[in-house]
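J.: The file below is target24.cif, mmCIF, C-alpha atoms:
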data_upload
loop_
_atom_site.label_atom_id
_atom_site.label_comp_id
_atom_site.auth_asym_id
_atom_site.auth_seq_id
_atom_site.Cartn_x
_atom_site.Cartn_y
_atom_site.Cartn_z
CA MET A 22 23.26 -22.71 -11.26
CA HIS A 23 21.01 -24.97 -13.23
CA ARG A 24 17.90 -24.32 -15.33
CA VAL A 25 15.28 -27.07 -15.37
CA SER A 26 12.94 -25.64 -18.02
CA PRO A 27 12.15 -24.85 -20.76
CA VAL A 28 15.50 -26.47 -21.68
CA ALA A 29 17.61 -28.04 -18.95
CA GLY A 30 21.17 -26.84 -18.68
CA ASP A 31 23.69 -24.74 -16.84
CA VAL A 32 23.07 -21.00 -16.60
CA ASP A 33 25.56 -18.17 -16.98
CA LYS A 34 26.09 -16.73 -13.48
CA ASP A 35 26.08 -13.08 -14.59
CA LYS A 36 22.85 -13.51 -16.55
CA MET A 37 21.23 -15.27 -13.59
CA ASP A 38 22.38 -12.53 -11.22
CA SER A 39 20.77 -9.96 -13.54
CA LEU A 40 17.47 -11.89 -13.59
CA LEU A 41 17.44 -12.34 -9.81
CA SER A 42 18.20 -8.65 -9.32
CA LYS A 43 15.28 -7.64 -11.53
CA LEU A 44 12.96 -10.04 -9.72
CA SER A 45 14.03 -8.84 -6.29
CA ASN A 46 13.58 -5.19 -7.31
CA MET A 47 9.97 -5.69 -8.40
CA ARG A 48 7.54 -3.99 -6.04
CA ALA A 49 3.81 -4.24 -5.57
CA ALA A 50 1.96 -1.18 -6.83
CA SER A 51 -1.20 -2.33 -5.07
CA PHE A 52 -2.91 -5.47 -3.82
CA VAL A 53 -6.10 -7.31 -4.73
CA ASP A 54 -8.03 -9.54 -2.32
CA SER A 55 -8.81 -12.21 -4.89
CA THR A 56 -6.96 -13.89 -7.71
CA ALA A 57 -10.03 -13.60 -9.98
CA LYS A 58 -9.30 -11.76 -13.22
CA THR A 59 -5.54 -11.79 -12.60
CA GLY A 60 -4.50 -14.39 -15.18
CA LEU A 61 -2.98 -16.47 -12.38
CA ASP A 62 -5.17 -19.43 -13.36
CA LYS A 63 -2.99 -19.60 -16.53
CA PRO A 64 0.40 -18.38 -15.29
CA ALA A 65 2.66 -16.40 -17.60
CA LEU A 66 5.67 -17.31 -15.45
CA THR A 67 6.44 -19.25 -12.29
CA VAL A 68 9.75 -18.70 -10.52
CA THR A 69 10.93 -21.19 -7.92
CA ALA A 70 14.18 -20.52 -6.08
CA LYS A 71 15.70 -23.12 -3.79
CA PHE A 72 18.42 -22.24 -1.32
CA GLU A 73 20.16 -23.49 1.82
CA GLU A 74 21.06 -26.69 -0.04
CA GLY A 75 17.47 -27.17 -1.20
CA LYS A 76 16.00 -27.01 2.30
CA LYS A 77 14.14 -23.75 1.66
CA GLU A 78 12.11 -22.62 -1.30
CA GLU A 79 10.49 -19.40 -2.49
CA LYS A 80 7.92 -19.46 -5.28
CA VAL A 81 6.18 -16.63 -7.11
CA THR A 82 3.64 -17.05 -9.88
CA PHE A 83 2.93 -14.25 -12.34
CA GLY A 84 -0.28 -13.79 -14.30
CA GLN A 85 -1.44 -11.26 -16.84
CA ASN A 86 -4.87 -9.87 -17.54
CA GLY A 87 -4.67 -7.48 -20.46
CA SER A 88 -1.80 -5.12 -19.72
CA ASP A 89 -1.99 -5.75 -15.94
CA VAL A 90 0.54 -8.03 -14.25
CA PHE A 91 -0.09 -9.81 -10.96
CA ALA A 92 2.16 -11.82 -8.66
CA LEU A 93 1.16 -14.47 -6.14
CA ARG A 94 3.07 -16.28 -3.42
CA PRO A 95 1.53 -19.57 -2.24
CA SER A 96 1.03 -18.36 1.32
CA GLU A 97 -0.88 -15.21 0.34
CA PRO A 98 -4.67 -15.01 -0.03
CA GLY A 99 -4.63 -12.30 -2.70
CA ALA A 100 -2.25 -11.04 -5.33
CA ALA A 101 0.06 -8.09 -5.81
CA LYS A 102 -0.29 -5.87 -8.85
CA ALA A 103 3.14 -5.30 -10.41
CA ASP A 104 4.55 -2.83 -12.91
CA PRO A 105 4.21 -4.27 -16.44
CA ALA A 106 7.52 -2.65 -17.51
CA ASP A 107 9.35 -4.40 -14.65
CA PHE A 108 7.77 -7.69 -15.70
CA ALA A 109 8.86 -7.10 -19.30
CA ASP A 110 12.43 -6.54 -18.08
CA VAL A 111 12.27 -9.84 -16.19
CA GLY A 112 11.06 -11.52 -19.37
CA LYS A 113 14.02 -10.13 -21.35
CA SER A 114 16.47 -11.40 -18.71
CA LEU A 115 14.74 -14.77 -18.69
CA ASP A 116 15.06 -14.98 -22.47
CA GLU A 117 18.80 -14.33 -22.10
CA ILE A 118 19.32 -17.28 -19.76
CA SER A 119 17.07 -19.54 -21.84
CA LYS A 120 19.47 -19.48 -24.79
#
As structure tokens, how would this structure be written, given the file I've shared?
T.:
Amino acid sequence: MHRVSPVAGDVDKDKMDSLLSKLSNMRAASFVDSTAKTGLDKPALTVTAKFEEGKKEEKVTFGQNGSDVFALRPSEPGAAKADPADFADVGKSLDEISK
């Protein structure tokens, strides 16, 4: 596993597994039809995962507006509202692999 930013380098497999688990366990609490007032115009985090030898890609962008957290996939017209505590846990795991 390889990290491309903020600092390029190899990533500890266990720490990456923890991050991916937290990301995959995030659930939408509700949905909004528009990305207005979601903070997605200035993303707090963008996660891109490539698999099947780089042939497939999943991307999710996270934005914050106040204490609200929103997630957007490129193919979706609106955004999902996510639990801020779950997003904070993702941030902690991301900090761990960024060291």
J.: Rounded to one decimal, what separation in Å do you get between CA of Asp35 in chain A and CA of Phe83 in chain A?
T.: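 These atoms are spaced 23.3 Å apart.
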J.: Could you check which of A:Asp110, A:Asp104, A:Asp38, A:Glu74 is closest to Ala92 in chain A, using all atoms listed in the file?
T.: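 Smallest distance to Ala92 in chain A is found for A:Asp104.
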J.: At what distance in Å, to one decimal, does CA of Ala109 in chain A lie from CA of Lys58 in chain A?
T.: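 Those two atoms sit 19.7 Å apart.
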J.: Would you compute the distance between CA of Ala101 in chain A and CA of Leu115 in chain A? Give it in Å to one decimal.
T.: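 Rounded to one decimal, the two atoms are 20.6 Å apart.
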J.: Pull the neighbourhood of (-1.1, -17.7, -1.7) for me: all residues within 12 Å in file coordinates, counting all atoms listed in the file, as a list in words.
T.: Val53, Asp54, Ser55, Thr56, Leu61, Glu79, Lys80, Val81, Thr82, Phe83, Ala92, Leu93, Arg94, Pro95, Ser96, Glu97, Pro98, Gly99, Ala100 and Ala101 of chain A
J.: Write the residues of the preceding selection, restricted to C-alpha atoms, as a short mmCIF file (atom, residue, chain, number, x, y, z; two decimals), in the frame of the given file.
T.:
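Saved the output as out_24.cif:
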data_model
loop_
_atom_site.label_atom_id
_atom_site.label_comp_id
_atom_site.auth_asym_id
_atom_site.auth_seq_id
_atom_site.Cartn_x
_atom_site.Cartn_y
_atom_site.Cartn_z
CA VAL A 53 -6.10 -7.31 -4.73
CA ASP A 54 -8.03 -9.54 -2.32
CA SER A 55 -8.81 -12.21 -4.89
CA THR A 56 -6.96 -13.89 -7.71
CA LEU A 61 -2.98 -16.47 -12.38
CA GLU A 79 10.49 -19.40 -2.49
CA LYS A 80 7.92 -19.46 -5.28
CA VAL A 81 6.18 -16.63 -7.11
CA THR A 82 3.64 -17.05 -9.88
CA PHE A 83 2.93 -14.25 -12.34
CA ALA A 92 2.16 -11.82 -8.66
CA LEU A 93 1.16 -14.47 -6.14
CA ARG A 94 3.07 -16.28 -3.42
CA PRO A 95 1.53 -19.57 -2.24
CA SER A 96 1.03 -18.36 1.32
CA GLU A 97 -0.88 -15.21 0.34
CA PRO A 98 -4.67 -15.01 -0.03
CA GLY A 99 -4.63 -12.30 -2.70
CA ALA A 100 -2.25 -11.04 -5.33
CA ALA A 101 0.06 -8.09 -5.81
#
J.: Pick out the closest residue to Arg24 in chain A from this set: A:Arg48, A:Lys63, A:Lys71, A:Lys43. Count all atoms listed in the file.
T.: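 Ranking A:Arg48, A:Lys63, A:Lys71, A:Lys43 by distance to Arg24 in chain A, first place goes to A:Lys71.
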J.: Could you work out an axis-aligned box for range 26-45 of chain A, taking every atom the file lists and adding 4 Å on each side, and report centre and edge lengths in Å to one decimal, as AutoDock Vina command-line options?
T.:
--center_x 19.1 --center_y -17.8 --center_z -14.0 --size_x 21.9 --size_y 28.4 --size_z 23.4
J.: As a count of residues only, please: the residues near range 27-33 of chain A (cut-off 12 Å, all atoms listed in the file, same-chain neighbours under 2 positions excluded).
T.: 19
J.: Residues within 9 Å of Asp107 in chain A, please, as a VMD selection string. Count all atoms listed in the file; anything in the same chain fewer than 4 positions from it doesn't count.
T.: chain A and resid 43 to 44 46 to 48 103 111 to 112
J.: So, counting only C-alpha atoms, which residue among A:Lys102, A:Lys113, A:Ser42, A:Asn86 is closest to Ala65 in chain A?
T.: A:Asn86
J.: Please reconstruct the missing atoms of range 33-44 of chain A (target: all heavy atoms) and return them as a PDB file, keeping the file's coordinate frame.
T.:
ATOM      1  N   ASP A  33      24.502 -19.146 -17.183  1.00  0.00           N
ATOM      2  CA  ASP A  33      25.560 -18.170 -16.980  1.00  0.00           C
ATOM      3  C   ASP A  33      25.284 -17.397 -15.695  1.00  0.00           C
ATOM      4  O   ASP A  33      24.198 -16.853 -15.509  1.00  0.00           O
ATOM      5  CB  ASP A  33      25.598 -17.227 -18.187  1.00  0.00           C
ATOM      6  CG  ASP A  33      26.657 -16.170 -18.058  1.00  0.00           C
ATOM      7  OD1 ASP A  33      26.366 -15.118 -17.441  1.00  0.00           O
ATOM      8  OD2 ASP A  33      27.765 -16.386 -18.571  1.00  0.00           O
ATOM      9  N   LYS A  34      26.263 -17.364 -14.799  1.00  0.00           N
ATOM     10  CA  LYS A  34      26.090 -16.730 -13.480  1.00  0.00           C
ATOM     11  C   LYS A  34      25.720 -15.259 -13.579  1.00  0.00           C
ATOM     12  O   LYS A  34      24.825 -14.792 -12.880  1.00  0.00           O
ATOM     13  CB  LYS A  34      27.350 -16.909 -12.636  1.00  0.00           C
ATOM     14  CG  LYS A  34      27.213 -16.333 -11.234  1.00  0.00           C
ATOM     15  CD  LYS A  34      28.514 -16.405 -10.480  1.00  0.00           C
ATOM     16  CE  LYS A  34      28.451 -15.840  -9.097  1.00  0.00           C
ATOM     17  NZ  LYS A  34      27.823 -14.577  -8.937  1.00  0.00           N
ATOM     18  N   ASP A  35      26.367 -14.509 -14.457  1.00  0.00           N
ATOM     19  CA  ASP A  35      26.080 -13.080 -14.590  1.00  0.00           C
ATOM     20  C   ASP A  35      24.656 -12.831 -15.089  1.00  0.00           C
ATOM     21  O   ASP A  35      23.965 -11.930 -14.614  1.00  0.00           O
ATOM     22  CB  ASP A  35      27.091 -12.403 -15.514  1.00  0.00           C
ATOM     23  CG  ASP A  35      28.487 -12.350 -14.909  1.00  0.00           C
ATOM     24  OD1 ASP A  35      28.608 -12.365 -13.660  1.00  0.00           O
ATOM     25  OD2 ASP A  35      29.452 -12.291 -15.685  1.00  0.00           O
ATOM     26  N   LYS A  36      24.211 -13.653 -16.043  1.00  0.00           N
ATOM     27  CA  LYS A  36      22.850 -13.510 -16.550  1.00  0.00           C
ATOM     28  C   LYS A  36      21.825 -13.870 -15.473  1.00  0.00           C
ATOM     29  O   LYS A  36      20.792 -13.219 -15.343  1.00  0.00           O
ATOM     30  CB  LYS A  36      22.652 -14.372 -17.791  1.00  0.00           C
ATOM     31  CG  LYS A  36      23.418 -13.859 -18.996  1.00  0.00           C
ATOM     32  CD  LYS A  36      23.232 -14.757 -20.196  1.00  0.00           C
ATOM     33  CE  LYS A  36      24.027 -14.253 -21.380  1.00  0.00           C
ATOM     34  NZ  LYS A  36      23.868 -15.120 -22.556  1.00  0.00           N
ATOM     35  N   MET A  37      22.132 -14.891 -14.677  1.00  0.00           N
ATOM     36  CA  MET A  37      21.230 -15.270 -13.590  1.00  0.00           C
ATOM     37  C   MET A  37      21.187 -14.183 -12.525  1.00  0.00           C
ATOM     38  O   MET A  37      20.118 -13.851 -12.011  1.00  0.00           O
ATOM     39  CB  MET A  37      21.632 -16.606 -12.988  1.00  0.00           C
ATOM     40  CG  MET A  37      20.724 -17.046 -11.843  1.00  0.00           C
ATOM     41  SD  MET A  37      18.965 -17.161 -12.303  1.00  0.00           S
ATOM     42  CE  MET A  37      18.921 -18.815 -12.918  1.00  0.00           C
ATOM     43  N   ASP A  38      22.342 -13.623 -12.196  1.00  0.00           N
ATOM     44  CA  ASP A  38      22.380 -12.530 -11.220  1.00  0.00           C
ATOM     45  C   ASP A  38      21.527 -11.355 -11.686  1.00  0.00           C
ATOM     46  O   ASP A  38      20.813 -10.736 -10.891  1.00  0.00           O
ATOM     47  CB  ASP A  38      23.812 -12.069 -10.975  1.00  0.00           C
ATOM     48  CG  ASP A  38      24.616 -13.045 -10.128  1.00  0.00           C
ATOM     49  OD1 ASP A  38      24.011 -13.939  -9.488  1.00  0.00           O
ATOM     50  OD2 ASP A  38      25.854 -12.907 -10.096  1.00  0.00           O
ATOM     51  N   SER A  39      21.571 -11.049 -12.979  1.00  0.00           N
ATOM     52  CA  SER A  39      20.770  -9.960 -13.540  1.00  0.00           C
ATOM     53  C   SER A  39      19.272 -10.266 -13.395  1.00  0.00           C
ATOM     54  O   SER A  39      18.489  -9.408 -12.982  1.00  0.00           O
ATOM     55  CB  SER A  39      21.125  -9.738 -15.010  1.00  0.00           C
ATOM     56  OG  SER A  39      20.303  -8.753 -15.571  1.00  0.00           O
ATOM     57  N   LEU A  40      18.877 -11.498 -13.722  1.00  0.00           N
ATOM     58  CA  LEU A  40      17.470 -11.890 -13.590  1.00  0.00           C
ATOM     59  C   LEU A  40      17.028 -11.808 -12.131  1.00  0.00           C
ATOM     60  O   LEU A  40      15.972 -11.237 -11.823  1.00  0.00           O
ATOM     61  CB  LEU A  40      17.262 -13.315 -14.112  1.00  0.00           C
ATOM     62  CG  LEU A  40      15.886 -13.927 -13.845  1.00  0.00           C
ATOM     63  CD1 LEU A  40      14.787 -13.136 -14.544  1.00  0.00           C
ATOM     64  CD2 LEU A  40      15.852 -15.381 -14.261  1.00  0.00           C
ATOM     65  N   LEU A  41      17.814 -12.357 -11.223  1.00  0.00           N
ATOM     66  CA  LEU A  41      17.440 -12.340  -9.810  1.00  0.00           C
ATOM     67  C   LEU A  41      17.374 -10.918  -9.269  1.00  0.00           C
ATOM     68  O   LEU A  41      16.489 -10.599  -8.464  1.00  0.00           O
ATOM     69  CB  LEU A  41      18.430 -13.176  -8.996  1.00  0.00           C
ATOM     70  CG  LEU A  41      18.385 -14.673  -9.268  1.00  0.00           C
ATOM     71  CD1 LEU A  41      19.500 -15.381  -8.511  1.00  0.00           C
ATOM     72  CD2 LEU A  41      17.030 -15.260  -8.929  1.00  0.00           C
ATOM     73  N   SER A  42      18.231 -10.046  -9.734  1.00  0.00           N
ATOM     74  CA  SER A  42      18.200  -8.650  -9.320  1.00  0.00           C
ATOM     75  C   SER A  42      16.905  -7.989  -9.772  1.00  0.00           C
ATOM     76  O   SER A  42      16.254  -7.276  -8.999  1.00  0.00           O
ATOM     77  CB  SER A  42      19.407  -7.908  -9.895  1.00  0.00           C
ATOM     78  OG  SER A  42      19.337  -6.543  -9.571  1.00  0.00           O
ATOM     79  N   LYS A  43      16.522  -8.229 -11.006  1.00  0.00           N
ATOM     80  CA  LYS A  43      15.280  -7.640 -11.530  1.00  0.00           C
ATOM     81  C   LYS A  43      14.065  -8.183 -10.787  1.00  0.00           C
ATOM     82  O   LYS A  43      13.133  -7.435 -10.479  1.00  0.00           O
ATOM     83  CB  LYS A  43      15.168  -7.878 -13.030  1.00  0.00           C
ATOM     84  CG  LYS A  43      16.164  -7.026 -13.796  1.00  0.00           C
ATOM     85  CD  LYS A  43      16.148  -7.309 -15.271  1.00  0.00           C
ATOM     86  CE  LYS A  43      17.230  -6.452 -15.934  1.00  0.00           C
ATOM     87  NZ  LYS A  43      17.336  -6.667 -17.345  1.00  0.00           N
ATOM     88  N   LEU A  44      14.071  -9.466 -10.482  1.00  0.00           N
ATOM     89  CA  LEU A  44      12.960 -10.040  -9.720  1.00  0.00           C
ATOM     90  C   LEU A  44      12.892  -9.455  -8.315  1.00  0.00           C
ATOM     91  O   LEU A  44      11.811  -9.109  -7.832  1.00  0.00           O
ATOM     92  CB  LEU A  44      13.105 -11.572  -9.633  1.00  0.00           C
ATOM     93  CG  LEU A  44      12.712 -12.348 -10.875  1.00  0.00           C
ATOM     94  CD1 LEU A  44      13.209 -13.786 -10.772  1.00  0.00           C
ATOM     95  CD2 LEU A  44      11.210 -12.317 -11.084  1.00  0.00           C
TER      96      LEU A  44
END
